[in-house]
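*Asks:* Next comes coords.tsv, TSV, C-alpha atoms and all ligand atoms:
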chain	number	residue	atom	x	y	z
A	1	MET	CA	-32.63	-44.72	-79.98
A	2	LYS	CA	-33.34	-45.64	-76.35
A	3	ARG	CA	-32.85	-42.64	-74.10
A	4	ILE	CA	-33.64	-39.01	-74.89
A	5	ALA	CA	-33.31	-35.86	-72.81
A	6	VAL	CA	-35.44	-32.73	-72.63
A	7	PHE	CA	-34.61	-29.34	-71.13
A	8	THR	CA	-35.87	-25.76	-71.04
A	9	SER	CA	-33.56	-22.80	-71.52
A	10	GLY	CA	-33.51	-18.99	-71.65
A	11	GLY	CA	-36.56	-17.09	-70.42
A	12	ASP	CA	-39.22	-19.43	-69.07
A	13	ALA	CA	-42.60	-19.42	-70.82
A	14	PRO	CA	-46.06	-20.61	-69.75
A	15	GLY	CA	-46.81	-23.89	-71.52
A	16	MET	CA	-43.33	-25.33	-71.07
A	17	ASN	CA	-44.68	-27.75	-68.48
A	18	ALA	CA	-47.35	-29.03	-70.88
A	19	HIS	CA	-44.51	-29.50	-73.34
A	20	ILE	CA	-42.34	-31.47	-70.91
A	21	ARG	CA	-45.31	-33.66	-69.99
A	22	ALA	CA	-46.07	-34.35	-73.65
A	23	VAL	CA	-42.45	-35.31	-74.35
A	24	GLU	CA	-42.49	-37.73	-71.41
A	25	ARG	CA	-45.88	-39.24	-72.34
A	26	THR	CA	-45.08	-39.61	-76.04
A	27	ALA	CA	-41.62	-41.04	-75.40
A	28	GLY	CA	-43.11	-43.52	-72.94
A	29	LYS	CA	-45.63	-44.68	-75.55
A	30	ARG	CA	-42.80	-45.10	-78.09
A	31	GLY	CA	-40.69	-47.16	-75.66
A	32	LEU	CA	-38.09	-44.45	-74.95
A	33	GLU	CA	-36.66	-43.48	-71.60
A	34	VAL	CA	-36.69	-39.73	-70.85
A	35	ILE	CA	-34.19	-37.75	-68.83
A	36	GLY	CA	-34.90	-34.20	-67.69
A	37	ILE	CA	-31.91	-31.86	-67.64
A	38	ILE	CA	-32.34	-29.44	-64.73
A	39	GLY	CA	-31.48	-25.77	-65.28
A	40	GLY	CA	-30.93	-25.52	-69.04
A	41	TYR	CA	-27.41	-25.54	-70.48
A	42	ALA	CA	-25.90	-24.82	-67.04
A	43	GLY	CA	-27.47	-28.04	-65.79
A	44	MET	CA	-26.23	-29.92	-68.85
A	45	ILE	CA	-22.65	-28.80	-68.13
A	46	ALA	CA	-22.97	-29.64	-64.43
A	47	GLY	CA	-24.61	-33.04	-65.07
A	48	HIS	CA	-27.92	-32.26	-63.34
A	49	PHE	CA	-29.96	-35.03	-64.95
A	50	GLU	CA	-33.01	-36.84	-63.58
A	51	VAL	CA	-35.32	-39.53	-64.87
A	52	LEU	CA	-38.76	-38.24	-65.92
A	53	ASP	CA	-41.77	-40.51	-65.51
A	54	ARG	CA	-45.55	-40.19	-65.37
A	55	ILE	CA	-45.50	-39.33	-61.68
A	56	ARG	CA	-42.90	-36.58	-62.05
A	57	THR	CA	-44.83	-35.00	-64.92
A	58	ALA	CA	-48.32	-35.35	-63.38
A	59	ASN	CA	-50.21	-32.21	-62.31
A	60	ILE	CA	-47.86	-29.77	-64.00
A	61	LEU	CA	-49.96	-28.87	-67.07
A	62	ASP	CA	-51.58	-25.87	-65.41
A	63	ARG	CA	-48.46	-24.47	-63.80
A	64	GLY	CA	-46.51	-21.49	-65.10
A	65	GLY	CA	-42.71	-21.53	-65.28
A	66	THR	CA	-40.86	-24.77	-65.93
A	67	VAL	CA	-40.46	-27.68	-63.53
A	68	LEU	CA	-37.11	-28.39	-65.21
A	69	LYS	CA	-35.90	-24.87	-64.29
A	70	THR	CA	-33.95	-22.72	-66.73
A	71	SER	CA	-30.91	-20.47	-67.07
A	72	ARG	CA	-29.05	-18.11	-69.36
A	73	CYS	CA	-25.68	-19.82	-69.46
A	74	GLU	CA	-22.59	-17.78	-70.31
A	75	GLU	CA	-20.28	-20.82	-70.13
A	76	PHE	CA	-22.19	-22.63	-72.88
A	77	MET	CA	-21.47	-19.79	-75.31
A	78	HIS	CA	-17.82	-20.90	-75.33
A	79	PRO	CA	-16.54	-24.08	-77.03
A	80	ASP	CA	-15.12	-25.40	-73.71
A	81	GLY	CA	-18.55	-25.22	-72.08
A	82	ARG	CA	-20.14	-27.08	-74.98
A	83	THR	CA	-17.46	-29.77	-74.80
A	84	LYS	CA	-18.26	-30.32	-71.11
A	85	ALA	CA	-21.97	-30.49	-71.93
A	86	ALA	CA	-21.41	-33.01	-74.73
A	87	GLU	CA	-19.31	-35.17	-72.38
A	88	GLN	CA	-22.16	-35.22	-69.86
A	89	LEU	CA	-24.60	-36.35	-72.55
A	90	VAL	CA	-22.28	-39.25	-73.47
A	91	LYS	CA	-21.72	-40.11	-69.79
A	92	HIS	CA	-25.48	-40.33	-69.20
A	93	GLY	CA	-26.10	-42.38	-72.34
A	94	ILE	CA	-28.29	-39.74	-74.00
A	95	ASP	CA	-29.01	-40.56	-77.66
A	96	ALA	CA	-30.87	-37.35	-78.55
A	97	VAL	CA	-32.03	-34.08	-76.99
A	98	ILE	CA	-35.07	-31.80	-77.17
A	99	ALA	CA	-34.24	-28.15	-76.37
A	100	CYS	CA	-37.17	-25.84	-75.62
A	101	GLY	CA	-36.34	-22.14	-75.73
A	102	GLY	CA	-35.68	-19.12	-77.92
A	103	ASP	CA	-32.99	-18.00	-80.37
A	104	GLY	CA	-30.13	-18.20	-77.83
A	105	THR	CA	-31.13	-21.76	-76.98
A	106	PHE	CA	-31.26	-22.69	-80.66
A	107	SER	CA	-27.90	-21.20	-81.53
A	108	GLY	CA	-26.40	-23.21	-78.63
A	109	ALA	CA	-28.16	-26.35	-79.93
A	110	HIS	CA	-26.89	-25.68	-83.42
A	111	PHE	CA	-23.27	-25.53	-82.22
A	112	LEU	CA	-23.67	-28.60	-80.01
A	113	ASN	CA	-24.77	-30.46	-83.12
A	114	ALA	CA	-22.08	-29.00	-85.37
A	115	GLU	CA	-19.16	-29.46	-82.96
A	116	HIS	CA	-20.08	-32.70	-81.21
A	117	GLY	CA	-22.59	-34.41	-83.51
A	118	VAL	CA	-25.31	-34.33	-80.84
A	119	THR	CA	-28.73	-35.23	-82.26
A	120	ILE	CA	-30.84	-32.30	-81.14
A	121	ILE	CA	-34.23	-30.80	-81.93
A	122	GLY	CA	-35.48	-27.38	-80.85
A	123	THR	CA	-38.99	-26.41	-79.84
A	124	PRO	CA	-40.05	-22.74	-79.69
A	125	GLY	CA	-40.54	-21.68	-76.08
A	126	THR	CA	-40.47	-17.91	-75.51
A	127	ILE	CA	-43.07	-15.27	-74.75
A	128	ASP	CA	-41.55	-13.04	-77.45
A	129	ASN	CA	-42.91	-14.98	-80.47
A	130	ASP	CA	-39.83	-13.87	-82.40
A	131	LEU	CA	-38.81	-17.16	-84.05
A	132	SER	CA	-39.39	-17.63	-87.73
A	133	GLY	CA	-40.72	-21.03	-88.82
A	134	THR	CA	-43.69	-21.07	-86.46
A	135	ASP	CA	-46.82	-18.95	-86.27
A	136	TYR	CA	-46.67	-18.84	-82.49
A	137	THR	CA	-44.21	-19.76	-79.77
A	138	ILE	CA	-45.12	-21.53	-76.54
A	139	GLY	CA	-45.91	-18.87	-73.92
A	140	TYR	CA	-46.84	-16.02	-76.23
A	141	ASP	CA	-50.61	-16.39	-75.92
A	142	THR	CA	-50.47	-16.42	-72.12
A	143	ALA	CA	-48.15	-13.41	-72.06
A	144	ILE	CA	-50.37	-11.25	-74.27
A	145	ASN	CA	-53.45	-12.19	-72.25
A	146	THR	CA	-51.64	-11.39	-68.99
A	147	ALA	CA	-50.44	-8.04	-70.34
A	148	THR	CA	-53.90	-7.21	-71.70
A	149	ALA	CA	-55.55	-7.95	-68.35
A	150	ALA	CA	-53.02	-5.72	-66.57
A	151	ILE	CA	-53.46	-2.85	-69.06
A	152	ASP	CA	-57.26	-3.08	-68.76
A	153	LYS	CA	-56.81	-2.42	-65.05
A	154	ILE	CA	-54.44	0.50	-65.63
A	155	ARG	CA	-56.97	1.92	-68.07
A	156	ASP	CA	-59.55	2.12	-65.25
A	157	THR	CA	-57.38	4.35	-63.12
A	158	ALA	CA	-56.03	6.28	-66.12
A	159	ASP	CA	-59.61	6.98	-67.15
A	160	SER	CA	-60.69	8.08	-63.69
A	161	HIS	CA	-57.83	10.58	-63.40
A	162	GLY	CA	-57.65	11.54	-67.05
A	163	ARG	CA	-53.96	10.62	-67.15
A	164	LEU	CA	-51.40	9.82	-69.79
A	165	PHE	CA	-49.74	6.43	-69.24
A	166	PHE	CA	-46.67	4.92	-70.86
A	167	ILE	CA	-46.87	1.15	-70.36
A	168	GLU	CA	-43.85	-0.96	-71.25
A	169	VAL	CA	-44.23	-4.56	-72.34
A	170	MET	CA	-41.55	-7.21	-72.98
A	171	GLY	CA	-39.97	-8.16	-76.29
A	172	ARG	CA	-36.29	-7.34	-76.53
A	173	HIS	CA	-35.89	-7.77	-80.27
A	174	ALA	CA	-39.47	-7.88	-81.51
A	175	GLY	CA	-42.68	-5.92	-81.08
A	176	PHE	CA	-45.17	-8.81	-81.32
A	177	ILE	CA	-46.37	-8.48	-77.72
A	178	ALA	CA	-46.65	-4.68	-77.97
A	179	MET	CA	-48.57	-4.74	-81.27
A	180	ASP	CA	-51.08	-7.44	-80.31
A	181	VAL	CA	-51.64	-5.95	-76.88
A	182	GLY	CA	-51.86	-2.42	-78.32
A	183	VAL	CA	-54.69	-3.45	-80.64
A	184	ALA	CA	-56.37	-5.54	-77.94
A	185	THR	CA	-56.44	-2.63	-75.47
A	186	GLY	CA	-57.22	0.13	-77.96
A	187	ALA	CA	-54.01	2.00	-77.16
A	188	GLU	CA	-53.67	5.51	-78.53
A	189	TYR	CA	-50.12	4.79	-79.71
A	190	VAL	CA	-47.87	1.72	-79.94
A	191	ALA	CA	-44.11	2.31	-80.01
A	192	VAL	CA	-42.05	-0.59	-81.38
A	193	HIS	CA	-38.68	-0.75	-83.08
A	194	GLU	CA	-40.27	-2.17	-86.26
A	195	THR	CA	-41.75	1.24	-87.01
A	196	LEU	CA	-40.12	4.63	-86.47
A	197	THR	CA	-41.40	6.18	-83.26
A	198	ASP	CA	-42.25	9.78	-84.13
A	199	ILE	CA	-42.38	12.03	-81.05
A	200	GLU	CA	-44.33	14.76	-82.90
A	201	VAL	CA	-46.98	12.29	-84.11
A	202	LEU	CA	-47.19	10.87	-80.59
A	203	TYR	CA	-47.71	14.38	-79.21
A	204	GLN	CA	-50.45	15.08	-81.77
A	205	ARG	CA	-52.22	11.86	-80.76
A	206	ILE	CA	-52.09	12.86	-77.11
A	207	ILE	CA	-53.46	16.33	-77.93
A	208	ALA	CA	-56.19	14.84	-80.13
A	209	GLN	CA	-57.22	12.61	-77.25
A	210	GLY	CA	-57.45	15.67	-74.99
A	211	LEU	CA	-54.91	16.65	-72.36
A	212	ASP	CA	-57.31	15.85	-69.52
A	213	SER	CA	-58.31	12.51	-70.99
A	214	ARG	CA	-57.01	9.02	-70.48
A	215	THR	CA	-54.29	8.18	-73.01
A	216	ILE	CA	-52.56	4.82	-73.18
A	217	VAL	CA	-49.22	4.47	-74.98
A	218	ILE	CA	-47.81	0.94	-75.23
A	219	VAL	CA	-44.03	0.80	-75.51
A	220	GLY	CA	-42.19	-2.34	-76.61
A	221	GLU	CA	-39.01	-2.62	-74.53
A	222	GLY	CA	-36.98	-2.81	-77.75
A	223	ASP	CA	-38.24	0.51	-79.16
A	224	GLU	CA	-35.43	2.46	-80.81
A	225	LEU	CA	-36.09	5.57	-78.68
A	226	GLY	CA	-35.80	3.62	-75.43
A	227	GLY	CA	-38.35	2.29	-72.97
A	228	ALA	CA	-41.41	3.85	-71.35
A	229	TYR	CA	-39.35	5.99	-68.94
A	230	GLU	CA	-37.37	7.53	-71.81
A	231	LEU	CA	-40.53	8.37	-73.78
A	232	SER	CA	-42.21	9.83	-70.70
A	233	ARG	CA	-39.13	11.99	-70.00
A	234	THR	CA	-38.96	13.17	-73.60
A	235	MET	CA	-42.63	14.23	-73.58
A	236	GLU	CA	-42.09	16.16	-70.38
A	237	GLU	CA	-38.91	17.89	-71.58
A	238	ARG	CA	-40.26	18.80	-75.02
A	239	TYR	CA	-43.89	19.55	-74.31
A	240	GLY	CA	-44.17	19.82	-70.52
A	241	LEU	CA	-46.52	16.83	-70.42
A	242	ALA	CA	-46.91	14.96	-67.15
A	243	SER	CA	-47.37	11.20	-67.35
A	244	LYS	CA	-47.26	7.97	-65.39
A	245	VAL	CA	-45.08	5.01	-66.26
A	246	SER	CA	-45.81	1.35	-65.70
A	247	ILE	CA	-43.35	-1.42	-66.56
A	248	LEU	CA	-45.24	-4.72	-66.72
A	249	GLY	CA	-41.99	-6.69	-66.58
A	250	HIS	CA	-41.73	-10.30	-65.50
A	251	MET	CA	-45.39	-10.70	-64.57
A	252	GLN	CA	-45.78	-11.28	-68.33
A	253	ARG	CA	-43.70	-14.46	-68.09
A	254	GLY	CA	-45.63	-16.10	-65.25
A	255	GLY	CA	-49.06	-17.53	-64.58
A	256	SER	CA	-51.08	-20.54	-65.60
A	257	PRO	CA	-50.84	-21.13	-69.36
A	258	THR	CA	-53.84	-20.49	-71.60
A	259	VAL	CA	-55.49	-23.36	-73.46
A	260	ARG	CA	-53.69	-22.33	-76.65
A	261	ASP	CA	-50.27	-22.52	-74.97
A	262	ARG	CA	-51.05	-25.86	-73.35
A	263	VAL	CA	-52.18	-27.35	-76.65
A	264	LEU	CA	-49.26	-25.88	-78.61
A	265	GLY	CA	-46.76	-27.06	-75.99
A	266	ALA	CA	-48.33	-30.53	-76.00
A	267	ARG	CA	-48.48	-30.83	-79.78
A	268	LEU	CA	-44.91	-29.69	-80.34
A	269	GLY	CA	-43.68	-31.99	-77.56
A	270	ALA	CA	-45.27	-35.04	-79.16
A	271	ALA	CA	-44.10	-33.99	-82.63
A	272	ALA	CA	-40.52	-33.46	-81.39
A	273	VAL	CA	-40.28	-37.03	-80.06
A	274	ASP	CA	-41.65	-38.43	-83.31
A	275	ALA	CA	-39.31	-36.23	-85.35
A	276	LEU	CA	-36.31	-37.67	-83.48
A	277	LEU	CA	-37.55	-41.18	-84.22
A	278	GLU	CA	-37.91	-40.24	-87.89
A	279	GLY	CA	-34.26	-39.18	-87.96
A	280	TYR	CA	-34.56	-35.37	-87.80
A	281	SER	CA	-31.84	-33.35	-86.13
A	282	ASN	CA	-30.73	-29.70	-85.95
A	283	VAL	CA	-34.25	-28.47	-86.77
A	284	MET	CA	-36.95	-26.63	-84.86
A	285	ILE	CA	-40.39	-28.15	-84.74
A	286	GLY	CA	-42.96	-25.42	-85.30
A	287	GLU	CA	-46.56	-25.00	-86.41
A	288	ILE	CA	-47.63	-22.96	-89.43
A	289	GLY	CA	-51.26	-22.78	-90.53
A	290	GLY	CA	-52.06	-25.79	-88.37
A	291	SER	CA	-49.34	-28.02	-89.85
A	292	ILE	CA	-46.14	-29.16	-88.20
A	293	THR	CA	-42.97	-27.63	-89.68
A	294	TYR	CA	-39.31	-28.72	-89.55
A	295	VAL	CA	-37.06	-25.68	-89.88
A	296	PRO	CA	-33.25	-25.72	-89.77
A	297	LEU	CA	-32.27	-24.18	-86.43
A	298	ARG	CA	-30.08	-21.56	-88.06
A	299	GLU	CA	-33.02	-20.21	-90.09
A	300	THR	CA	-35.08	-19.56	-86.96
A	301	TRP	CA	-32.84	-16.69	-85.91
A	302	GLU	CA	-31.27	-15.70	-89.23
A	303	ASN	CA	-34.61	-15.07	-90.98
A	304	ARG	CA	-36.11	-12.44	-88.74
A	305	LYS	CA	-39.82	-12.98	-88.22
A	306	GLN	CA	-41.82	-9.90	-89.15
A	307	VAL	CA	-44.69	-8.44	-87.15
A	308	PRO	CA	-47.71	-8.88	-89.47
A	309	GLN	CA	-48.49	-5.80	-91.53
A	310	TYR	CA	-52.19	-6.01	-90.65
A	311	LEU	CA	-51.38	-5.42	-86.96
A	312	LEU	CA	-49.35	-2.31	-87.74
A	313	GLU	CA	-52.17	-0.98	-89.92
A	314	LEU	CA	-54.91	-1.80	-87.41
A	315	ALA	CA	-53.05	-0.07	-84.59
A	316	HIS	CA	-52.99	3.16	-86.70
A	317	LEU	CA	-56.48	2.79	-88.10
A	318	LEU	CA	-58.32	2.23	-84.85
A	319	VAL	CA	-56.97	5.10	-82.71
A	401	LIG	O1	-37.77	-14.53	-72.59
A	401	LIG	C1	-37.87	-13.39	-73.31
A	401	LIG	C2	-37.78	-12.20	-72.40
A	401	LIG	O2	-38.83	-12.20	-71.47
A	401	LIG	C3	-37.72	-10.87	-73.14
A	401	LIG	O3	-38.98	-10.40	-73.51
A	401	LIG	C4	-37.02	-10.00	-72.14
A	401	LIG	O4	-36.38	-8.95	-72.79
A	401	LIG	C5	-36.04	-10.94	-71.52
A	401	LIG	O5	-36.57	-12.24	-71.67
A	401	LIG	C6	-35.73	-10.69	-70.07
A	401	LIG	O6	-34.81	-11.64	-69.66
A	401	LIG	P1	-34.34	-11.82	-68.17
A	401	LIG	O7	-35.48	-12.39	-67.39
A	401	LIG	O8	-33.20	-12.78	-68.24
A	401	LIG	O9	-33.96	-10.48	-67.66
Let me see the file written as structure tokens.
*Replies:*
Amino acid sequence: MKRIAVFTSGGDAPGMNAHIRAVERTAGKRGLEVIGIIGGYAGMIAGHFEVLDRIRTANILDRGGTVLKTSRCEEFMHPDGRTKAAEQLVKHGIDAVIACGGDGTFSGAHFLNAEHGVTIIGTPGTIDNDLSGTDYTIGYDTAINTATAAIDKIRDTADSHGRLFFIEVMGRHAGFIAMDVGVATGAEYVAVHETLTDIEVLYQRIIAQGLDSRTIVIVGEGDELGGAYELSRTMEERYGLASKVSILGHMQRGGSPTVRDRVLGARLGAAAVDALLEGYSNVMIGEIGGSITYVPLRETWENRKQVPQYLLELAHLLV
């Protein structure tokens, strides 16, 4: 193995740059050349490849986003797109690839391996933390800290006015962000699709808090009853309750990564290079209980990762 490539794909996540830097540094120490693929799978198909070296990866550790850019690539979901991508890898003399992203990225990597024999390793990069086989994903810690800081600020104004707020956080398929942030901010109710959102119980909580008091309801964007606007509308229609809505949105994906995300990104980057040299392919490199794990890519999305029971219990206990 002489030349490897690294790319980021799907939603960007803080810590991806620390990851890219670690891949470049580790590969350099092991005598490998590293190519950066610009713009995820779209860049792979288009042949947007560039050599990564120490200079290119210097001073990026503290930056949010990804210097390699990213995309959600429709073309790659089809066999023809993957064939074009595989041809580009051959053309550029790439022996193996490290793909940093979420479940969509990994399913693409899985098929690239299955259909074209590409040696590929995945690393978990998504703010959603919804990949099984790793305790945490790169970007999650920064996202929950960003969301918590924003909700603390909303709490100030909610408290001053005695208002009810529905605050929506990200997490399409999983309520990790909502549950952690809900406990961290002392929310009166956390609505996620993992638990049934009960409008009557929610109303009772709001009443118990006092109609003129500050009440914070965190809504995971994947909640089965809809997002924060839907819940706010339902409370108004059923009970005549006025409320404010705040969608935190993409601010949760940006910003300088926390120490935890920098260290996780760095560790998994180094481990991914070494895993390739040890002959691994079609696995995700994760971290469980402090140890590096090698999980078949398919398992990362087929075995749905569960929000820990203790978080669900705490959120109910501490209201
Ligand atoms: O990357 C994960 C995520 O931020 C989800 O939490 C969110 O639902 C989705 O991406 C938004 O994606 P996009 O930026 O493509 O709209």
*Asks:* Give the residue list for ligand LIG 401 (chain A) at 6 Å, counting all atoms listed in the file, as a list in words, sorted by chain and then by residue number.
*Replies:* Gly11, Thr126, Ile127, Asp128, Met170, Gly171 and Arg172 of chain A
*Asks:* Would you tabulate, counting only C-alpha atoms, all residues of segment 218-273 of chain A that have an atom at most 9 Å from an atom of segment 186-208 of chain A, showing the closest pair of atoms and their distance in Å to one decimal, sorted by chain then ascending number, as a Markdown table?
*Replies:*
| residue | atom | partner | partner_atom | distance |
| --- | --- | --- | --- | --- |
| A:Ile218 | CA | A:Val190 | CA | 4.8 |
| A:Val219 | CA | A:Ala191 | CA | 4.7 |
| A:Gly220 | CA | A:Val192 | CA | 5.1 |
| A:Glu221 | CA | A:Val192 | CA | 7.8 |
| A:Gly222 | CA | A:His193 | CA | 6.0 |
| A:Asp223 | CA | A:His193 | CA | 4.1 |
| A:Glu224 | CA | A:His193 | CA | 5.1 |
| A:Leu225 | CA | A:Thr197 | CA | 7.0 |
| A:Leu231 | CA | A:Ile199 | CA | 8.3 |
| A:Thr234 | CA | A:Ile199 | CA | 8.3 |
| A:Met235 | CA | A:Tyr203 | CA | 7.6 |
| A:Tyr239 | CA | A:Tyr203 | CA | 8.1 |
*Asks:* Atom CA of Ser9 of chain A to atom CA of Ala109 of chain A: how many Å, to one decimal?
*Replies:*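 Atom CA of Ser9 of chain A sits 10.6 Å away from atom CA of Ala109 of chain A.
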*Asks:* Tell me which of A:Leu264, A:Ile216, A:Met16, A:Ala272 sits closest to Ile288 of chain A, counting only C-alpha atoms.
*Replies:* A:Leu264
*Asks:* For segment 60-63 of chain A, please output as an MDAnalysis selection string all residues within 8 Å (counting all atoms listed in the file; exclusion window: fewer than 2 positions along the same chain).
*Replies:* chainID A and resid 14:15 17:18 21 57:58 65:67 255:257 262
*Asks:* Separation of atom CA of Phe166 of chain A and atom CA of Arg214 of chain A, in Å?
*Replies:*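 Answer for the atom CA of Phe166 of chain A to atom CA of Arg214 of chain A separation: 11.1 Å.
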*Asks:* Skip segment 299-314 of chain A itself and residues of its chain fewer than 6 positions away, then list as a ChimeraX atom specification all residues within 6 Å of it, counting all atoms listed in the file.
*Replies:* /A:103,130-132,176
*Asks:* Within 9 Å of Gly162 of chain A, counting only C-alpha atoms, which residues qualify if same-chain residues fewer than 6 places away don't, as a PyMOL selection string?
*Replies:* chain A and resi 210-215
*Asks:* I need every residue sitting at most 8 Å from the point (-33.2, -26.6, -88.3) (coordinates as in the file, only C-alpha atoms considered), written as a list in words.
*Replies:*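 The requested residues, written out, are Ile121, Gly122, Ser281, Asn282, Val283, Met284, Tyr294, Val295, Pro296, Leu297, Arg298, Glu299 and Thr300 of chain A.
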*Asks:* Closest to Phe165 of chain A among A:Thr148, A:Ser243, A:Arg238, A:Ile138, using only C-alpha atoms?
*Replies:*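 Looking at the shortest contact to Phe165 of chain A, the residue is A:Ser243.
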*Asks:* Place a sphere of radius 6 Å on (-40.0, -32.4, -84.2) in the file coordinates and name every protein, DNA or RNA residue with an atom inside or on its surface, counting only C-alpha atoms; give the answer as an MDAnalysis selection string.
*Replies:* chainID A and resid 271:272 275 285
*Asks:* Would you put the residues from that selection into a file with C-alpha atoms, as a PDB file, in the coordinates of the input?
*Replies:*
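Result went into out05.pdb, see below:
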ATOM      1  CA  ALA A 271     -44.100 -33.990 -82.630  1.00  0.00           C
ATOM      2  CA  ALA A 272     -40.520 -33.460 -81.390  1.00  0.00           C
ATOM      3  CA  ALA A 275     -39.310 -36.230 -85.350  1.00  0.00           C
ATOM      4  CA  ILE A 285     -40.390 -28.150 -84.740  1.00  0.00           C
TER       5      ILE A 285
END
*Asks:* I'd like to know which of A:His48, A:Arg30, A:Arg72, A:His110 is closest to Gln88 of chain A, using all atoms listed in the file.
*Replies:*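 Ranking A:His48, A:Arg30, A:Arg72, A:His110 by distance to Gln88 of chain A, first place goes to A:His48.
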